[in-house]
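Trainee: I am sharing model21.csv, which consists of CSV, C-alpha atoms:
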```
chain,number,residue,atom,x,y,z
A,131,MET,CA,-10.0,22.7,24.1
A,132,GLN,CA,-9.2,19.0,24.6
A,133,SER,CA,-5.7,17.9,25.7
A,134,TYR,CA,-3.4,15.5,23.9
A,135,GLN,CA,-3.1,13.3,26.9
A,136,THR,CA,-6.9,12.8,27.0
A,137,LEU,CA,-7.3,12.1,23.3
A,138,LYS,CA,-4.4,9.6,23.2
A,139,ASP,CA,-6.7,7.0,24.8
A,140,SER,CA,-9.9,8.1,23.1
A,141,SER,CA,-11.9,6.5,20.3
A,142,LEU,CA,-11.4,7.5,16.7
A,143,GLN,CA,-14.8,9.2,16.6
A,144,THR,CA,-14.0,11.3,19.7
A,145,VAL,CA,-10.6,12.4,18.2
A,146,ARG,CA,-12.2,13.3,14.9
A,147,ASN,CA,-15.1,15.2,16.5
A,148,ALA,CA,-12.6,17.2,18.6
A,149,ILE,CA,-10.7,18.1,15.4
A,150,ARG,CA,-13.8,19.0,13.4
A,151,SER,CA,-15.2,21.2,16.2
A,152,GLY,CA,-11.9,23.0,16.7
A,153,ALA,CA,-11.5,21.6,20.2
A,154,TYR,CA,-8.1,20.1,19.2
A,155,ARG,CA,-5.6,21.8,16.9
A,156,ALA,CA,-2.3,20.1,17.7
A,157,HIS,CA,-0.2,17.3,16.2
A,158,THR,CA,-1.8,13.8,15.7
A,159,ALA,CA,1.1,11.4,16.5
A,160,GLY,CA,-0.2,8.7,18.8
A,161,LEU,CA,-3.9,9.5,18.1
A,162,GLY,CA,-6.4,7.2,16.4
A,163,LYS,CA,-4.5,4.1,17.1
A,164,GLY,CA,-5.0,1.4,14.5
A,165,TYR,CA,-6.2,3.8,11.8
A,166,LEU,CA,-4.6,5.3,8.8
A,167,GLN,CA,-3.2,8.8,9.1
A,168,ALA,CA,-2.7,10.8,5.9
A,169,ASN,CA,-0.9,13.9,4.5
A,170,LEU,CA,-2.8,16.2,2.2
A,171,ALA,CA,-2.2,18.0,-1.1
A,172,ILE,CA,-5.1,20.0,-2.5
A,173,MET,CA,-4.7,21.8,-5.8
A,174,PRO,CA,-6.6,23.0,-8.9
A,175,GLU,CA,-7.7,20.2,-11.3
A,176,GLU,CA,-5.4,21.4,-14.1
A,177,TYR,CA,-2.4,20.2,-12.1
A,178,ALA,CA,-3.9,17.0,-10.7
A,179,LEU,CA,-2.9,14.5,-13.4
A,180,ASP,CA,0.7,15.6,-13.2
A,181,PHE,CA,0.6,15.3,-9.4
A,182,MET,CA,-1.0,11.9,-9.6
A,183,ARG,CA,1.9,10.8,-11.9
A,184,TYR,CA,4.4,12.3,-9.3
A,185,CYS,CA,2.8,10.1,-6.6
A,186,GLN,CA,2.9,7.0,-8.8
A,187,ARG,CA,6.6,7.6,-9.6
A,188,ASN,CA,7.5,8.3,-6.0
A,189,PRO,CA,5.5,5.8,-3.9
A,190,LYS,CA,7.8,5.9,-0.8
A,191,PRO,CA,7.3,9.6,0.0
A,192,CYS,CA,3.9,9.8,-1.7
A,193,PRO,CA,1.8,6.6,-1.0
A,194,LEU,CA,-1.5,7.6,-2.6
A,195,THR,CA,-4.4,6.5,-0.4
A,196,GLY,CA,-7.3,8.6,-1.7
A,197,VAL,CA,-8.3,11.1,-4.4
A,198,SER,CA,-11.4,13.2,-4.3
A,199,ASP,CA,-13.8,14.0,-7.1
A,200,THR,CA,-13.2,17.5,-8.4
A,201,GLY,CA,-14.8,20.1,-6.2
A,202,ASN,CA,-16.1,17.5,-3.7
A,203,PRO,CA,-14.6,18.0,-0.2
A,204,MET,CA,-16.0,14.7,1.1
A,205,MET,CA,-13.4,11.9,1.0
A,206,PHE,CA,-16.0,9.1,0.7
A,207,THR,CA,-13.5,6.5,-0.4
A,208,MET,CA,-11.5,6.8,2.9
A,209,GLY,CA,-14.2,6.6,5.5
A,210,ARG,CA,-17.6,7.8,6.6
A,211,ASP,CA,-18.3,11.5,6.8
A,212,ILE,CA,-14.8,12.9,6.2
A,213,ASP,CA,-15.0,16.6,5.2
A,214,ILE,CA,-11.5,17.7,4.1
A,215,ARG,CA,-12.4,21.3,4.8
A,216,THR,CA,-12.6,20.8,8.6
A,217,ASP,CA,-11.2,17.4,9.6
A,218,VAL,CA,-7.5,18.3,9.8
A,219,PRO,CA,-6.2,20.1,12.9
A,220,ALA,CA,-4.2,22.7,10.8
A,221,TYR,CA,-3.6,23.5,7.2
A,222,ASN,CA,-0.8,25.3,5.3
A,223,ILE,CA,-2.0,27.5,2.4
A,224,TYR,CA,0.5,28.2,-0.4
A,225,ARG,CA,0.1,30.9,-3.1
A,226,ASP,CA,2.5,31.0,-6.1
A,227,GLY,CA,4.8,28.5,-4.3
A,228,LYS,CA,5.2,30.4,-1.1
A,229,LEU,CA,3.6,29.6,2.3
A,230,ASP,CA,1.0,32.4,2.6
A,231,CYS,CA,-0.6,31.4,6.0
A,232,ASP,CA,-1.9,28.5,8.0
A,233,SER,CA,-5.5,28.0,9.0
A,234,THR,CA,-7.7,25.7,11.2
A,235,ASP,CA,-10.2,25.1,8.4
A,236,ILE,CA,-10.4,25.8,4.7
A,237,VAL,CA,-14.2,26.3,4.4
A,238,ASP,CA,-13.9,29.9,3.1
A,239,ILE,CA,-11.3,29.2,0.4
A,240,TRP,CA,-12.7,25.9,-0.9
A,241,ARG,CA,-13.4,26.0,-4.7
A,242,ASP,CA,-15.2,23.9,-7.2
A,243,ASP,CA,-12.1,23.1,-9.2
A,244,LEU,CA,-10.0,21.7,-6.3
A,245,VAL,CA,-8.8,18.1,-6.1
A,246,VAL,CA,-7.7,16.4,-2.8
A,247,PHE,CA,-4.9,13.9,-2.6
A,248,ALA,CA,-4.4,11.9,0.6
A,249,LEU,CA,-1.0,10.3,1.1
A,250,GLY,CA,-0.3,7.8,3.9
A,251,CYS,CA,1.7,8.9,6.9
A,252,SER,CA,4.3,7.1,9.0
A,253,PHE,CA,2.3,8.0,12.2
A,254,THR,CA,0.1,5.0,11.1
A,255,PHE,CA,2.7,2.4,12.0
A,256,GLU,CA,3.9,3.9,15.2
A,257,HIS,CA,1.2,2.1,17.2
A,258,ALA,CA,2.6,-1.2,15.9
A,259,LEU,CA,6.1,-0.1,17.0
A,260,GLN,CA,4.8,0.8,20.5
A,261,LYS,CA,3.0,-2.6,20.7
A,262,ALA,CA,6.4,-4.2,20.0
A,263,SER,CA,7.8,-2.2,22.9
A,264,VAL,CA,9.9,0.1,20.7
A,265,PRO,CA,10.1,3.6,22.3
A,266,ILE,CA,8.9,6.5,20.2
A,267,TRP,CA,10.4,9.7,21.8
A,268,HIS,CA,8.2,12.3,20.1
A,269,ILE,CA,5.0,10.5,21.2
A,270,ASP,CA,6.3,10.0,24.8
A,271,ASN,CA,7.2,13.7,25.0
A,272,ASN,CA,4.2,15.2,23.1
A,273,THR,CA,6.3,16.8,20.3
A,274,THR,CA,6.2,16.6,16.5
A,275,VAL,CA,8.5,14.1,14.8
A,276,PRO,CA,11.6,15.8,13.3
A,277,MET,CA,11.7,16.1,9.5
A,278,PHE,CA,14.6,17.0,7.2
A,279,ARG,CA,15.3,17.8,3.6
A,280,SER,CA,17.5,15.0,2.3
A,281,ASN,CA,19.7,14.8,-0.8
A,282,ILE,CA,17.6,12.0,-2.3
A,283,GLU,CA,16.0,13.1,-5.6
A,284,THR,CA,12.4,12.3,-6.5
A,285,VAL,CA,11.3,11.4,-10.0
A,286,PRO,CA,9.8,14.5,-11.7
A,287,SER,CA,6.4,14.8,-13.3
A,288,GLY,CA,5.3,17.9,-15.1
A,289,VAL,CA,6.0,20.9,-12.8
A,290,PHE,CA,6.6,18.7,-9.7
A,291,SER,CA,10.1,17.7,-8.6
A,292,GLY,CA,12.5,18.1,-5.7
A,293,LYS,CA,14.4,16.4,-2.9
A,294,MET,CA,12.8,13.8,-0.6
A,295,VAL,CA,11.8,14.9,2.9
A,296,VAL,CA,12.5,12.3,5.6
A,297,SER,CA,11.3,11.8,9.2
A,298,MET,CA,13.6,10.6,11.9
A,299,ARG,CA,13.1,8.3,14.9
A,300,ALA,CA,16.0,7.3,17.2
A,301,ILE,CA,15.8,3.5,17.6
A,302,PRO,CA,17.8,1.3,20.0
A,303,ALA,CA,20.5,-0.4,17.9
A,304,GLU,CA,19.3,-3.9,18.8
A,305,ARG,CA,15.7,-3.1,17.6
A,306,VAL,CA,16.5,-1.6,14.2
A,307,GLU,CA,15.9,-4.9,12.3
A,308,ASP,CA,12.6,-5.3,14.2
A,309,VAL,CA,11.5,-1.8,13.2
A,310,VAL,CA,12.4,-2.3,9.6
A,311,ALA,CA,10.4,-5.5,9.5
A,312,ILE,CA,7.4,-3.9,11.3
A,313,SER,CA,7.2,-0.7,9.2
A,314,ARG,CA,7.6,-2.7,6.0
A,315,ARG,CA,4.2,-4.2,6.6
A,316,PHE,CA,2.7,-0.7,6.0
A,317,PRO,CA,3.4,0.3,2.4
A,318,LEU,CA,0.6,2.9,2.4
A,319,ALA,CA,2.4,4.6,5.3
A,320,HIS,CA,5.9,4.9,3.7
A,321,GLY,CA,6.8,1.3,4.5
A,322,ALA,CA,10.4,0.4,5.5
A,323,PRO,CA,12.9,3.2,6.2
A,324,VAL,CA,15.0,4.6,3.4
A,325,HIS,CA,18.2,5.0,5.5
A,326,TRP,CA,19.6,4.4,9.0
A,327,GLY,CA,22.9,5.4,10.5
A,328,ASP,CA,25.0,8.4,9.5
A,329,PRO,CA,22.7,11.3,8.6
A,330,ALA,CA,25.4,12.9,6.4
A,331,GLU,CA,25.0,10.1,3.9
A,332,ILE,CA,21.6,11.5,2.9
A,333,GLY,CA,22.7,15.1,3.1
A,334,ILE,CA,21.7,16.0,6.7
A,335,THR,CA,24.4,18.0,8.3
A,336,ASP,CA,22.9,18.8,11.7
A,337,ILE,CA,20.4,16.3,13.2
A,338,THR,CA,19.6,18.8,16.0
A,339,GLN,CA,18.1,21.3,13.5
A,340,PRO,CA,15.1,19.8,11.6
A,341,GLN,CA,13.4,21.9,8.9
A,342,TRP,CA,10.0,20.8,10.2
A,343,GLY,CA,8.8,19.4,13.6
A,344,ASP,CA,10.8,19.4,16.8
A,345,ALA,CA,14.3,18.2,17.5
A,346,ALA,CA,14.6,14.8,19.1
A,347,PRO,CA,17.7,13.3,20.9
A,348,VAL,CA,19.7,10.3,19.6
A,349,GLY,CA,20.9,8.8,22.8
A,350,PRO,CA,23.8,6.3,23.6
A,351,GLY,CA,23.1,3.0,21.9
A,352,GLU,CA,20.5,4.5,19.6
A,353,VAL,CA,20.6,4.7,15.8
A,354,PRO,CA,18.8,7.5,13.8
A,355,VAL,CA,16.4,5.8,11.4
A,356,PHE,CA,14.9,7.8,8.5
A,357,TRP,CA,11.6,7.2,6.7
A,358,ALA,CA,10.3,8.8,3.5
A,359,CYS,CA,7.9,11.6,4.5
A,360,GLY,CA,4.7,13.0,3.2
A,361,VAL,CA,6.1,16.6,3.5
A,362,THR,CA,8.0,15.8,0.3
A,363,PRO,CA,5.0,17.1,-1.9
A,364,GLN,CA,5.2,20.4,0.0
A,365,VAL,CA,8.7,20.8,-1.3
A,366,ALA,CA,7.6,19.9,-4.8
A,367,ILE,CA,4.7,22.3,-4.6
A,368,GLU,CA,6.9,25.2,-3.5
A,369,GLN,CA,9.1,24.6,-6.6
A,370,ALA,CA,6.1,24.2,-8.9
A,371,LYS,CA,4.8,27.6,-7.8
A,372,LEU,CA,1.1,26.7,-8.1
A,373,PRO,CA,-1.2,29.7,-7.8
A,374,LEU,CA,-3.0,27.9,-5.0
A,375,CYS,CA,-2.2,24.7,-3.0
A,376,ILE,CA,-3.4,23.6,0.4
A,377,THR,CA,-1.6,21.0,2.5
A,378,HIS,CA,-1.7,19.8,6.1
A,379,LYS,CA,0.5,21.6,8.5
A,380,PRO,CA,3.4,19.1,9.1
A,381,GLY,CA,2.5,16.7,11.9
A,382,HIS,CA,-1.2,17.6,11.8
A,383,MET,CA,-2.8,14.8,9.8
A,384,LEU,CA,-6.1,13.5,8.5
A,385,ILE,CA,-7.1,10.4,10.5
```
Take the structure in this file and express it as structure tokens.
Mentor:
Amino acid sequence: MQSYQTLKDSSLQTVRNAIRSGAYRAHTAGLGKGYLQANLAIMPEEYALDFMRYCQRNPKPCPLTGVSDTGNPMMFTMGRDIDIRTDVPAYNIYRDGKLDCDSTDIVDIWRDDLVVFALGCSFTFEHALQKASVPIWHIDNNTTVPMFRSNIETVPSGVFSGKMVVSMRAIPAERVEDVVAISRRFPLAHGAPVHWGDPAEIGITDITQPQWGDAAPVGPGEVPVFWACGVTPQVAIEQAKLPLCITHKPGHMLI
């Protein structure tokens, strides 16, 4: 197995080879600097048009960056030699809207009627924040960014609906405007934050208890800043109760 610390300074091809071979199965924050990271939603073709409409209506949490041909696991519009069955560190497999299991590849359950959606991830702009000397706690401490269910409603499409999921980063108060301006330059990675300040205003009652990822401290002089998150489709998929749907495990992205 390869370590996170080693891969943080490795080339994109080295990182992707480690993931495909099974030598790395952890979170991808801080890896593949300068390249797009993406969330996944994989589902039968009969639901794909409604899901595409859901993404179009909710571009902040669901910035659509790639769609596969039906039954083709190769994401040829997103890069060279990307096999969606093996090139993500960990997958969540939902059946009838419930999380059935996770897996390190989906070769054995791939079907000819599946369509892959890739949705940009906020991990993409973190390198730009670091270059601007903004501290990113979860990268510095090798944890997964905390993610929360908010009270922000998404716009429904067909069977897909639900609350927006948000990711949180604690930002020094004097750098919040910088962070907003930097992340706004990445619309395919959720863009500018949807909220900063009091978590209760978006329905988060306990910032120390994220629904996904790991808790991160908000220190003196820091402000919790919240971005729309690509785990939002997983909430919509749970509510839609699709017979089969495959996503990334939160924090474990396609690079």
Trainee: Would you mind listing what lies within 10 Å of segment 143-154 of chain A as a list in words, with all atoms listed in the file counted and same-chain residues fewer than 2 positions away left out?
Mentor: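 The contact residues come out as Met131, Gln132, Ser133, Tyr134, Thr136, Leu137, Lys138, Asp139, Ser140, Ser141, Ala156, His157, Thr158, Leu161, Gly162, Ile212, Asp213, Ile214, Arg215, Thr216, Asp217, Val218, Pro219, Ala220, Thr234, Asp235, Leu384 and Ile385 of chain A.
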Trainee: Looking at all atoms listed in the file, which of A:Phe247, A:Phe356, A:Trp267, A:Phe278 is the one that sits closest to Ala178 of chain A?
Mentor: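 Using all atoms listed in the file, Ala178 of chain A sits closest to A:Phe247.
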Trainee: List the spatial neighbours of Met173 of chain A as an MDAnalysis selection string - criterion: any atom at most 6 Å away, all atoms listed in the file, same-chain residues fewer than 3 positions off excluded.
Mentor: chainID A and resid 244:245 375
Trainee: Anything within 7 Å of (8.6, 28.4, -5.1): list those residues as JSON, numbers by chain, counting only C-alpha atoms and sticking to the file's coordinates.
Mentor: {"A": [226, 227, 228, 368, 369, 370, 371]}
Trainee: Excluding same-chain residues fewer than 4 positions from Ala322 of chain A, what lies within 9 Å of it counting all atoms listed in the file, as a CSV table (one decimal) with C-alpha atoms, in the frame of the given file?
Mentor:
```csv
chain,number,residue,atom,x,y,z
A,190,LYS,CA,7.8,5.9,-0.8
A,309,VAL,CA,11.5,-1.8,13.2
A,310,VAL,CA,12.4,-2.3,9.6
A,311,ALA,CA,10.4,-5.5,9.5
A,312,ILE,CA,7.4,-3.9,11.3
A,313,SER,CA,7.2,-0.7,9.2
A,314,ARG,CA,7.6,-2.7,6.0
A,315,ARG,CA,4.2,-4.2,6.6
A,316,PHE,CA,2.7,-0.7,6.0
A,317,PRO,CA,3.4,0.3,2.4
A,357,TRP,CA,11.6,7.2,6.7
A,358,ALA,CA,10.3,8.8,3.5
```
Trainee: Which is closest to Phe181 of chain A among A:Ala248, A:Gly321, A:Pro265, A:Thr254, if we use all atoms listed in the file?
Mentor: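 Of the candidates, the smallest distance to Phe181 of chain A is held by A:Ala248.
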